[in-house]
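Undergrad: Below is the structure I would like to discuss, written out as structure tokens.
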Protein chains: 2
Amino acid sequence: MSILVVGSIALDTVETPHGKADDALGGSALFFSTAASFFSPVNMVGVVGDDFNFADVEFLKNRNVDFSGVVTESGETFRWGGKYHKNINLRDTLFTDLNVFQDFKPTIPEHYRNSELIFLANIDPDLQLDVLDQINKPRISVLDTMNFWISSKRDSLMRLLRQVDILILNDEELIQLTEKHNLYDGASDILKEGPKAVVIKKGEHGAVLVSANGYFLAPAYPVKRVIDPTGAGDSFAGGFMGFLSTCEEINHQTLRQAVVYGSVAASFTVEDFSFDRLKNISLGEIKERVNSIREMTSF
Amino acid sequence: MSILVVGSIALDTVETPHGKADDALGGSALFFSTAASFFSPVNMVGVVGDDFNFADVEFLKNRNVDFSGVVTESGETFRWGGKYHKNINLRDTLFTDLNVFQDFKPTIPEHYRNSELIFLANIDPDLQLDVLDQINKPRISVLDTMNFWISSKRDSLMRLLRQVDILILNDEELIQLTEKHNLYDGASDILKEGPKAVVIKKGEHGAVLVSANGYFLAPAYPVKRVIDPTGAGDSFAGGFMGFLSTCEEINHQTLRQAVVYGSVAASFTVEDFSFDRLKNISLGEIKERVNSIREMTSF
């Protein structure tokens with residue numbers, strides 16, 4: 001089942017206690033696609049500058065990631081720089097150079113408009129609304145966002161909530177969006193706005209799925225050495241939707257499994273810089289960690 | 001199977017976003033005993049001032065909590081005051097008046113010395129060592145501690161680690177004790193010192209059990225309205241050891257179940273001030289939440 005993602009393509013300069021990466025591949029659309037591509041073909045919509053070297057993403061093309069929705073504009077590719085603390089859950093953003101991403105207006109190619117699953121990665125909510133206007137109603141639409149849009153474009157976000165099936169966000173974003181300090185209270189408020197499910201990402205503490213069917217509490221896979229957390233959230237979304245794309249039926253059981261697949265995809269991403277770990281694993285290794293989580297949570 | 005606890009008995013003045021309690025029953029030994037008393041008789045060693053009203057703990061006596069190891073000294077009972085933030089995971093200590101607890105030297109009554117399970121609640125590690133010297137080797141010994149002792153009495157703590165079976169502590173304490181930011185790394189260091197298992201409490205994020213048998217990842221029970229988190233950690237230990245006291249064999253399977261019982265005991269404690277919720281529940285309600293956690297973690 002085909003997956004459409006609309007999001008950012010970036011070159012990240014990242015420093016962590018374990019080393020440094022310069023101008024490494026990054027961005028929500030790329031992390032998402034890498035994780036999702038283990039399961040199904042992915043159609044990507046984004047923008048890069050004329051400094052972007054498509055040879056660097058050859059590994060994704062070989063996995064049925066379609067770049068025909070990625071536009072090249074004259075100028076530089078979006079660049080982000082960050083430095084992680086000794087406590088690797090904390091980071092400082094050093095710079096955000098939007099470059100060609102500043103004027104990104106996603107146009108969905110005709111042959112993408114019937115994608116069955118769509119992931120609206122974190123971009124301006126007005127652009128996310130515009131994307132929904134351009135496509136036929138997908139089987140499942142999933143929305144991500146971030147603190148900046150929650151404070152600056154709340155109205156657009158609330159309109160989006162009424163049009164998507166699932167909201168994925170982290171715990172801090174949920175608190176900010178709902179103004180509830182209790183995650184379960186906050187998630188319950190979101191469900192009233194329209195989504196059928198909310199997935200709350202809690203980093204090293206795992207994830208929570210909230211729907212009319214109750215709660216599902218998933219741990220994070222125990223990673224011994226977190227090298228670089230960049231992209232974990234988008235990899236989570238990629239594993240989550242990738243798994244859903246293989247399911248005949250999307251119900252509370254397959255949603256639960258999808259959350260675990262998301263958690264596992266994120267666990268691989270953080271084990272090295274950029275895609276260095278995620279791109280070199282197999283679907284078998286993903287499934288092994290899923291089974292391992294099942295073992296580590298049973299009692 | 002009898003359980004011995006050595007710890008504090010306190011009167012807590014607590015303010016949370018949901019209200020205030022003045023001079024409410026508290027302290028590690030009381031919270032532990034309340035939770036453990038659902039499972040087995042508990043022998044308590046502690047100290048109170050002559051202002052302590054034993055009628056207030058009649059409910060515990062009725063549940064086979066033996067207070068004959070609790071000494072009354074002239075002076076005031078240990079008092080602690082704290083205020084929780086709107087984000088109820090954060091708190092400020094307003095005062096700590098040790099009073100009679102200042103000179104507490106635990107003496108284990110003769111008829112307690114063969115207790116089969118012992119919980120060394122958070123007191124001065126030198127006193128905890130002294131307690132171990134006074135008793136016959138128990139079937140299971142469990143140690144708790146806190147940041148203050150980790151920084152001020154590290155050597156004594158390390159000696160204790162070589163003599164106990166299980167260490168229970170929270171994530172911040174583990175980082176402080178091991179100087180490892182990764183919990184799994186830290187727990188692995190602890191196991192090398194002697195304990196057969198480490199239980200890491202992560203508050204609303206659940207708990208992790210680490211032993212030679214691998215990891216067990218337990219969520220916190222989803223509490224909708226946290227009224228007062230005081231005593232959650234000691235209630236966890238009480239539920240954990242209470243359940244173990246009912247097990248013929250203590251192995252990795254029963255340890256996992258015990259962690260979930262601990263988590264559930266804590267979930268009741270935080271739903272009201274002091275023991276107001278925990279003391280009014282039944283073992284049946286505890287088991288219901290344990291089953292509910294099993295359902296919420298299966299996939």
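The way I read the labels, and the way they are meant: chains A, B, ... in the order of the structure tokens, residue 1 as the first residue of every chain, and ligand 1 as the first ligand shown, with later ones counted on from there.
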Set the cut-off to 7 Å and count only C-alpha atoms: what are the residues of chain B that reach chain A? Output as a list in words.
TA: Asn87, His181, Asn182, Tyr184, Asp185, His205, Tyr215, Phe216, Leu217, Ala218, Pro219, Lys224, Gln253, Arg256, Gln257, Met296, Thr297 and Phe299 of chain B
Undergrad: For N, CA and C atoms, I'd like the residues from the last selection saved as a PDB file, in the first residue's frame.
TA:
ATOM      1  N   ASN B  87       3.060  21.199  37.301  1.00  0.00           N
ATOM      2  CA  ASN B  87       3.575  19.931  36.796  1.00  0.00           C
ATOM      3  C   ASN B  87       3.917  19.116  38.032  1.00  0.00           C
ATOM      4  N   HIS B 181      24.783   7.969  32.411  1.00  0.00           N
ATOM      5  CA  HIS B 181      23.522   8.589  32.010  1.00  0.00           C
ATOM      6  C   HIS B 181      22.552   7.594  31.386  1.00  0.00           C
ATOM      7  N   ASN B 182      23.090   6.456  30.960  1.00  0.00           N
ATOM      8  CA  ASN B 182      22.231   5.425  30.403  1.00  0.00           C
ATOM      9  C   ASN B 182      21.850   4.450  31.517  1.00  0.00           C
ATOM     10  N   TYR B 184      20.581   1.513  31.570  1.00  0.00           N
ATOM     11  CA  TYR B 184      20.965   0.111  31.420  1.00  0.00           C
ATOM     12  C   TYR B 184      22.452  -0.080  31.741  1.00  0.00           C
ATOM     13  N   ASP B 185      23.249   0.889  31.334  1.00  0.00           N
ATOM     14  CA  ASP B 185      24.670   0.885  31.719  1.00  0.00           C
ATOM     15  C   ASP B 185      24.801   0.965  33.241  1.00  0.00           C
ATOM     16  N   HIS B 205       6.605   7.260  34.297  1.00  0.00           N
ATOM     17  CA  HIS B 205       7.084   6.481  33.151  1.00  0.00           C
ATOM     18  C   HIS B 205       7.277   5.010  33.483  1.00  0.00           C
ATOM     19  N   TYR B 215      15.955  -7.644  30.834  1.00  0.00           N
ATOM     20  CA  TYR B 215      15.183  -6.475  31.225  1.00  0.00           C
ATOM     21  C   TYR B 215      13.700  -6.786  31.281  1.00  0.00           C
ATOM     22  N   PHE B 216      13.023  -6.145  32.218  1.00  0.00           N
ATOM     23  CA  PHE B 216      11.562  -6.142  32.206  1.00  0.00           C
ATOM     24  C   PHE B 216      11.124  -4.684  32.268  1.00  0.00           C
ATOM     25  N   LEU B 217      10.284  -4.298  31.313  1.00  0.00           N
ATOM     26  CA  LEU B 217       9.886  -2.904  31.175  1.00  0.00           C
ATOM     27  C   LEU B 217       8.418  -2.770  31.566  1.00  0.00           C
ATOM     28  N   ALA B 218       8.154  -2.129  32.699  1.00  0.00           N
ATOM     29  CA  ALA B 218       6.779  -2.001  33.188  1.00  0.00           C
ATOM     30  C   ALA B 218       6.325  -0.551  33.094  1.00  0.00           C
ATOM     31  N   PRO B 219       5.120  -0.325  32.608  1.00  0.00           N
ATOM     32  CA  PRO B 219       4.606   1.041  32.565  1.00  0.00           C
ATOM     33  C   PRO B 219       4.051   1.425  33.934  1.00  0.00           C
ATOM     34  N   LYS B 224      -5.478   9.180  36.120  1.00  0.00           N
ATOM     35  CA  LYS B 224      -6.063  10.358  35.486  1.00  0.00           C
ATOM     36  C   LYS B 224      -5.807  11.627  36.297  1.00  0.00           C
ATOM     37  N   GLN B 253      10.264 -14.549  36.769  1.00  0.00           N
ATOM     38  CA  GLN B 253       8.839 -14.368  36.462  1.00  0.00           C
ATOM     39  C   GLN B 253       8.104 -13.690  37.635  1.00  0.00           C
ATOM     40  N   ARG B 256       9.098 -10.046  37.977  1.00  0.00           N
ATOM     41  CA  ARG B 256       8.396  -9.194  37.014  1.00  0.00           C
ATOM     42  C   ARG B 256       6.989  -8.842  37.526  1.00  0.00           C
ATOM     43  N   GLN B 257       6.299  -9.868  38.005  1.00  0.00           N
ATOM     44  CA  GLN B 257       4.951  -9.617  38.523  1.00  0.00           C
ATOM     45  C   GLN B 257       5.021  -8.665  39.712  1.00  0.00           C
ATOM     46  N   MET B 296      -3.125  -3.569  28.815  1.00  0.00           N
ATOM     47  CA  MET B 296      -2.648  -2.334  28.152  1.00  0.00           C
ATOM     48  C   MET B 296      -1.241  -2.447  27.582  1.00  0.00           C
ATOM     49  N   THR B 297      -0.549  -3.556  27.888  1.00  0.00           N
ATOM     50  CA  THR B 297       0.807  -3.714  27.349  1.00  0.00           C
ATOM     51  C   THR B 297       0.892  -4.837  26.326  1.00  0.00           C
ATOM     52  N   PHE B 299       0.266  -6.829  22.813  1.00  0.00           N
ATOM     53  CA  PHE B 299       0.089  -6.415  21.415  1.00  0.00           C
ATOM     54  C   PHE B 299       0.316  -7.593  20.484  1.00  0.00           C
TER      55      PHE B 299
END
Undergrad: Quick one: DSSP helix (DSSP H, G or I) residues in range 13-252 of chain B, as a count of residues only?
TA: 86
Undergrad: For CA of Phe243 in chain A and CA of Ile108 in chain A, quote the distance in Å rounded to one decimal.
TA: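 Computed distance, CA of Phe243 in chain A to CA of Ile108 in chain A, equals 23.4 Å.
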Undergrad: With distances taken over only C-alpha atoms, which residue among A:Val100, A:Met146, A:Leu60, A:Cys247 lies nearest Asn122 in chain A?
TA: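 Closest to Asn122 in chain A of all the choices is A:Met146.
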Undergrad: Give me the residues near Val65 in chain A as a list in words, where near means some atom within 8 Å (using only C-alpha atoms) and where sequence neighbours in that chain fewer than 5 positions away do not count.
TA: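 After dropping sequence-adjacent residues, the list is Ser33, Ser37, Pro41, Val42, Asn43, Met44 and Leu60 of chain A.
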Undergrad: With C-alpha atoms kept, could you save the residues just selected as a JSON list (two decimals), in the first residue's frame?
TA:
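Ended up saving to out_28.json:
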[["chain", "number", "residue", "atom", "x", "y", "z"],
["A", 33, "SER", "CA", 10.85, 7.41, 4.35],
["A", 37, "SER", "CA", 10.57, 1.91, 3.10],
["A", 41, "PRO", "CA", 6.83, 2.11, -1.48],
["A", 42, "VAL", "CA", 7.00, 5.73, -0.34],
["A", 43, "ASN", "CA", 6.17, 8.83, -2.35],
["A", 44, "MET", "CA", 8.01, 11.90, -1.13],
["A", 60, "LEU", "CA", 16.34, 5.14, -0.74]]
Undergrad: Hey, which of B:Leu90, B:Ala10, B:Leu160, B:Met241 ends up closest to Asp228 in chain B? Count only C-alpha atoms.
TA: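 So, comparing all the options, the nearest one is B:Leu90.
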Undergrad: Taking only C-alpha atoms into account, which of B:Arg79, B:Arg154, B:Arg91, B:Lys201 comes nearest Thr178 in chain B?
TA: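 For Thr178 in chain B, the nearest of the candidates is B:Arg154.
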Undergrad: Residues at most 12 Å from Pro195 in chain A, counting only C-alpha atoms, excluding those fewer than 3 positions away in the same chain, as a list in words?
TA: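 Once the nearby chain positions are removed, what remains is Ile140, Ser141, Val142, Leu143, Met158, Arg159, Leu160, Leu161, Arg162, Gln163, Val164, Asp165, Ile166, Leu167, Ile168, Ala187, Ser188, Asp189, Ile190, Leu191, Lys192, Val198, Val199, Val210, Ser211 and Ala212 of chain A.
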Undergrad: Going by DSSP on the backbone, which bits of range 54-222 of chain B are strand (DSSP E or B)? Write them as an mmCIF file with N, CA, C and O atoms, in the first residue's frame, please.
TA:
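Everything below was put into part.cif:
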data_model
loop_
_atom_site.group_PDB
_atom_site.id
_atom_site.type_symbol
_atom_site.label_atom_id
_atom_site.label_comp_id
_atom_site.auth_asym_id
_atom_site.auth_seq_id
_atom_site.Cartn_x
_atom_site.Cartn_y
_atom_site.Cartn_z
ATOM 1 N N VAL B 65 -0.048 -5.265 60.847
ATOM 2 C CA VAL B 65 1.213 -4.531 60.911
ATOM 3 C C VAL B 65 1.565 -4.425 62.392
ATOM 4 O O VAL B 65 0.785 -3.913 63.191
ATOM 5 N N ASP B 66 2.729 -4.942 62.736
ATOM 6 C CA ASP B 66 3.169 -4.998 64.129
ATOM 7 C C ASP B 66 4.029 -3.776 64.438
ATOM 8 O O ASP B 66 5.062 -3.556 63.806
ATOM 9 N N PHE B 67 3.566 -2.999 65.416
ATOM 10 C CA PHE B 67 4.278 -1.765 65.777
ATOM 11 C C PHE B 67 5.185 -1.958 66.996
ATOM 12 O O PHE B 67 5.701 -0.982 67.523
ATOM 13 N N SER B 68 5.404 -3.216 67.398
ATOM 14 C CA SER B 68 6.173 -3.378 68.638
ATOM 15 C C SER B 68 7.641 -2.983 68.456
ATOM 16 O O SER B 68 8.352 -2.775 69.435
ATOM 17 N N GLY B 69 8.086 -2.816 67.214
ATOM 18 C CA GLY B 69 9.449 -2.344 66.973
ATOM 19 C C GLY B 69 9.536 -0.828 66.837
ATOM 20 O O GLY B 69 10.598 -0.285 66.531
ATOM 21 N N VAL B 70 8.403 -0.156 67.040
ATOM 22 C CA VAL B 70 8.406 1.316 66.927
ATOM 23 C C VAL B 70 8.578 1.918 68.320
ATOM 24 O O VAL B 70 7.782 1.669 69.224
ATOM 25 N N VAL B 71 9.640 2.676 68.484
ATOM 26 C CA VAL B 71 9.984 3.273 69.767
ATOM 27 C C VAL B 71 9.400 4.690 69.854
ATOM 28 O O VAL B 71 9.394 5.415 68.869
ATOM 29 N N THR B 72 8.892 5.032 71.029
ATOM 30 C CA THR B 72 8.435 6.407 71.238
ATOM 31 C C THR B 72 9.482 7.156 72.070
ATOM 32 O O THR B 72 9.844 6.718 73.158
ATOM 33 N N GLU B 73 9.980 8.237 71.539
ATOM 34 C CA GLU B 73 10.969 9.063 72.256
ATOM 35 C C GLU B 73 10.309 10.380 72.654
ATOM 36 O O GLU B 73 9.359 10.825 72.001
ATOM 37 N N PHE B 78 9.148 13.164 63.447
ATOM 38 C CA PHE B 78 9.734 13.661 62.191
ATOM 39 C C PHE B 78 8.643 14.362 61.362
ATOM 40 O O PHE B 78 7.570 13.814 61.139
ATOM 41 N N ARG B 79 8.950 15.576 60.911
ATOM 42 C CA ARG B 79 7.990 16.290 60.064
ATOM 43 C C ARG B 79 8.643 16.730 58.763
ATOM 44 O O ARG B 79 9.782 17.192 58.768
ATOM 45 N N TRP B 80 7.897 16.585 57.691
ATOM 46 C CA TRP B 80 8.384 17.005 56.368
ATOM 47 C C TRP B 80 7.307 17.859 55.703
ATOM 48 O O TRP B 80 6.107 17.588 55.859
ATOM 49 N N GLY B 81 7.752 18.899 55.022
ATOM 50 C CA GLY B 81 6.806 19.744 54.304
ATOM 51 C C GLY B 81 7.239 19.930 52.866
ATOM 52 O O GLY B 81 8.428 20.147 52.587
ATOM 53 N N GLY B 82 6.301 19.816 51.940
ATOM 54 C CA GLY B 82 6.643 19.982 50.531
ATOM 55 C C GLY B 82 5.503 20.593 49.747
ATOM 56 O O GLY B 82 4.339 20.520 50.150
ATOM 57 N N LYS B 83 5.890 21.228 48.646
ATOM 58 C CA LYS B 83 4.882 21.827 47.773
ATOM 59 C C LYS B 83 5.134 21.349 46.346
ATOM 60 O O LYS B 83 6.250 21.478 45.825
ATOM 61 N N TYR B 84 4.104 20.794 45.720
ATOM 62 C CA TYR B 84 4.216 20.301 44.350
ATOM 63 C C TYR B 84 3.807 21.390 43.365
ATOM 64 O O TYR B 84 2.919 22.196 43.642
ATOM 65 N N ARG B 91 8.666 19.097 42.715
ATOM 66 C CA ARG B 91 8.281 19.574 44.033
ATOM 67 C C ARG B 91 9.436 20.305 44.707
ATOM 68 O O ARG B 91 10.603 20.084 44.404
ATOM 69 N N ASP B 92 9.080 21.181 45.636
ATOM 70 C CA ASP B 92 10.063 21.833 46.490
ATOM 71 C C ASP B 92 9.852 21.328 47.907
ATOM 72 O O ASP B 92 8.720 21.234 48.380
ATOM 73 N N THR B 93 10.974 20.996 48.581
ATOM 74 C CA THR B 93 10.880 20.656 49.999
ATOM 75 C C THR B 93 10.853 21.971 50.773
ATOM 76 O O THR B 93 11.718 22.828 50.596
ATOM 77 N N LEU B 94 9.839 22.157 51.588
ATOM 78 C CA LEU B 94 9.715 23.412 52.336
ATOM 79 C C LEU B 94 10.429 23.320 53.686
ATOM 80 O O LEU B 94 11.012 24.282 54.149
ATOM 81 N N PHE B 95 10.345 22.169 54.328
ATOM 82 C CA PHE B 95 11.107 21.965 55.566
ATOM 83 C C PHE B 95 11.293 20.484 55.841
ATOM 84 O O PHE B 95 10.521 19.649 55.356
ATOM 85 N N THR B 96 12.360 20.155 56.573
ATOM 86 C CA THR B 96 12.625 18.792 57.027
ATOM 87 C C THR B 96 13.035 18.902 58.493
ATOM 88 O O THR B 96 14.162 19.284 58.793
ATOM 89 N N ASP B 97 12.112 18.636 59.378
ATOM 90 C CA ASP B 97 12.416 18.667 60.815
ATOM 91 C C ASP B 97 12.571 17.236 61.299
ATOM 92 O O ASP B 97 11.584 16.549 61.572
ATOM 93 N N LEU B 117 11.625 -11.492 54.671
ATOM 94 C CA LEU B 117 11.913 -10.435 53.702
ATOM 95 C C LEU B 117 12.209 -9.174 54.489
ATOM 96 O O LEU B 117 11.501 -8.862 55.459
ATOM 97 N N ILE B 118 13.234 -8.446 54.084
ATOM 98 C CA ILE B 118 13.529 -7.206 54.782
ATOM 99 C C ILE B 118 13.668 -6.055 53.796
ATOM 100 O O ILE B 118 14.305 -6.187 52.740
ATOM 101 N N PHE B 119 13.023 -4.952 54.162
ATOM 102 C CA PHE B 119 13.141 -3.741 53.351
ATOM 103 C C PHE B 119 13.875 -2.681 54.150
ATOM 104 O O PHE B 119 13.402 -2.236 55.199
ATOM 105 N N LEU B 120 15.045 -2.314 53.661
ATOM 106 C CA LEU B 120 15.820 -1.237 54.269
ATOM 107 C C LEU B 120 15.403 0.055 53.590
ATOM 108 O O LEU B 120 15.945 0.428 52.545
ATOM 109 N N ILE B 140 15.093 -12.547 51.259
ATOM 110 C CA ILE B 140 15.307 -11.463 50.297
ATOM 111 C C ILE B 140 15.501 -10.148 51.059
ATOM 112 O O ILE B 140 14.671 -9.786 51.903
ATOM 113 N N SER B 141 16.579 -9.440 50.748
ATOM 114 C CA SER B 141 16.778 -8.099 51.314
ATOM 115 C C SER B 141 16.738 -7.077 50.190
ATOM 116 O O SER B 141 17.325 -7.287 49.121
ATOM 117 N N VAL B 142 16.009 -6.008 50.452
ATOM 118 C CA VAL B 142 15.839 -4.963 49.437
ATOM 119 C C VAL B 142 16.265 -3.633 50.037
ATOM 120 O O VAL B 142 15.894 -3.295 51.166
ATOM 121 N N LEU B 143 17.035 -2.885 49.261
ATOM 122 C CA LEU B 143 17.607 -1.631 49.735
ATOM 123 C C LEU B 143 17.064 -0.449 48.944
ATOM 124 O O LEU B 143 16.976 -0.496 47.725
ATOM 125 N N ILE B 166 18.467 -6.966 46.309
ATOM 126 C CA ILE B 166 17.821 -6.111 45.303
ATOM 127 C C ILE B 166 17.973 -4.649 45.706
ATOM 128 O O ILE B 166 17.783 -4.287 46.877
ATOM 129 N N LEU B 167 18.318 -3.819 44.750
ATOM 130 C CA LEU B 167 18.355 -2.378 44.976
ATOM 131 C C LEU B 167 17.162 -1.755 44.253
ATOM 132 O O LEU B 167 16.937 -2.023 43.073
ATOM 133 N N ILE B 168 16.393 -0.954 45.011
ATOM 134 C CA ILE B 168 15.300 -0.187 44.383
ATOM 135 C C ILE B 168 15.683 1.279 44.477
ATOM 136 O O ILE B 168 16.007 1.767 45.568
ATOM 137 N N LEU B 169 15.656 1.984 43.356
ATOM 138 C CA LEU B 169 15.939 3.427 43.418
ATOM 139 C C LEU B 169 15.334 4.103 42.191
ATOM 140 O O LEU B 169 14.840 3.427 41.285
ATOM 141 N N ASN B 170 15.317 5.415 42.188
ATOM 142 C CA ASN B 170 14.743 6.057 41.009
ATOM 143 C C ASN B 170 15.828 6.379 39.989
ATOM 144 O O ASN B 170 17.027 6.220 40.259
ATOM 145 N N ALA B 197 19.376 -8.056 41.404
ATOM 146 C CA ALA B 197 18.438 -7.311 40.564
ATOM 147 C C ALA B 197 18.425 -5.842 40.975
ATOM 148 O O ALA B 197 18.691 -5.506 42.131
ATOM 149 N N VAL B 198 18.131 -4.993 40.009
ATOM 150 C CA VAL B 198 17.950 -3.564 40.262
ATOM 151 C C VAL B 198 16.571 -3.192 39.737
ATOM 152 O O VAL B 198 16.207 -3.590 38.624
ATOM 153 N N VAL B 199 15.816 -2.471 40.554
ATOM 154 C CA VAL B 199 14.523 -1.965 40.085
ATOM 155 C C VAL B 199 14.636 -0.443 40.019
ATOM 156 O O VAL B 199 14.896 0.212 41.026
ATOM 157 N N ILE B 200 14.483 0.081 38.802
ATOM 158 C CA ILE B 200 14.601 1.526 38.597
ATOM 159 C C ILE B 200 13.196 2.109 38.477
ATOM 160 O O ILE B 200 12.451 1.771 37.552
ATOM 161 N N LYS B 201 12.852 2.983 39.414
ATOM 162 C CA LYS B 201 11.527 3.616 39.387
ATOM 163 C C LYS B 201 11.620 4.886 38.554
ATOM 164 O O LYS B 201 12.512 5.701 38.755
ATOM 165 N N ALA B 207 8.610 1.524 35.485
ATOM 166 C CA ALA B 207 9.776 0.978 36.181
ATOM 167 C C ALA B 207 10.466 -0.046 35.297
ATOM 168 O O ALA B 207 9.852 -0.623 34.398
ATOM 169 N N VAL B 208 11.741 -0.223 35.551
ATOM 170 C CA VAL B 208 12.540 -1.183 34.802
ATOM 171 C C VAL B 208 13.201 -2.139 35.791
ATOM 172 O O VAL B 208 13.767 -1.700 36.793
ATOM 173 N N LEU B 209 13.099 -3.422 35.516
ATOM 174 C CA LEU B 209 13.783 -4.444 36.319
ATOM 175 C C LEU B 209 14.963 -4.949 35.506
ATOM 176 O O LEU B 209 14.803 -5.348 34.354
ATOM 177 N N VAL B 210 16.145 -4.897 36.094
ATOM 178 C CA VAL B 210 17.339 -5.394 35.404
ATOM 179 C C VAL B 210 17.969 -6.493 36.242
ATOM 180 O O VAL B 210 18.195 -6.312 37.447
ATOM 181 N N SER B 211 18.209 -7.639 35.630
ATOM 182 C CA SER B 211 18.860 -8.753 36.326
ATOM 183 C C SER B 211 19.635 -9.549 35.283
ATOM 184 O O SER B 211 19.638 -9.199 34.096
ATOM 185 N N GLY B 214 17.917 -10.404 32.095
ATOM 186 C CA GLY B 214 17.548 -9.393 31.103
ATOM 187 C C GLY B 214 16.729 -8.273 31.696
ATOM 188 O O GLY B 214 16.786 -8.004 32.905
ATOM 189 N N TYR B 215 15.955 -7.644 30.834
ATOM 190 C CA TYR B 215 15.183 -6.475 31.225
ATOM 191 C C TYR B 215 13.700 -6.786 31.281
ATOM 192 O O TYR B 215 13.193 -7.543 30.467
ATOM 193 N N PHE B 216 13.023 -6.145 32.218
ATOM 194 C CA PHE B 216 11.562 -6.142 32.206
ATOM 195 C C PHE B 216 11.124 -4.684 32.268
ATOM 196 O O PHE B 216 11.553 -3.924 33.142
ATOM 197 N N LEU B 217 10.284 -4.298 31.313
ATOM 198 C CA LEU B 217 9.886 -2.904 31.175
ATOM 199 C C LEU B 217 8.418 -2.770 31.566
ATOM 200 O O LEU B 217 7.544 -3.270 30.858
ATOM 201 N N ALA B 218 8.154 -2.129 32.699
ATOM 202 C CA ALA B 218 6.779 -2.001 33.188
ATOM 203 C C ALA B 218 6.325 -0.551 33.094
ATOM 204 O O ALA B 218 7.064 0.355 33.466
#
Undergrad: Give me the residues within 6 Å of Asp272 in chain B as a PyMOL selection string, counting only C-alpha atoms and dropping any in the same chain fewer than 4 places off.
TA: chain B and resi 227-228+276-277
Undergrad: Work out how far apart CA of Gly239 in chain B and CA of Thr34 in chain B are and give it in Å to one decimal.
TA: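 Computing it gives 8.9 Å between the two atoms.
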Undergrad: Measuring between only C-alpha atoms, which one of A:Glu193, A:Asp171, A:Asp50, A:Asp234 shows the shortest distance to Gly7 in chain A?
TA: A:Asp234
Undergrad: Report, in Å to a single decimal, how far apart CA of Phe268 in chain B and CA of Asn64 in chain B are.
TA: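 These two atoms are separated by 20.3 Å.
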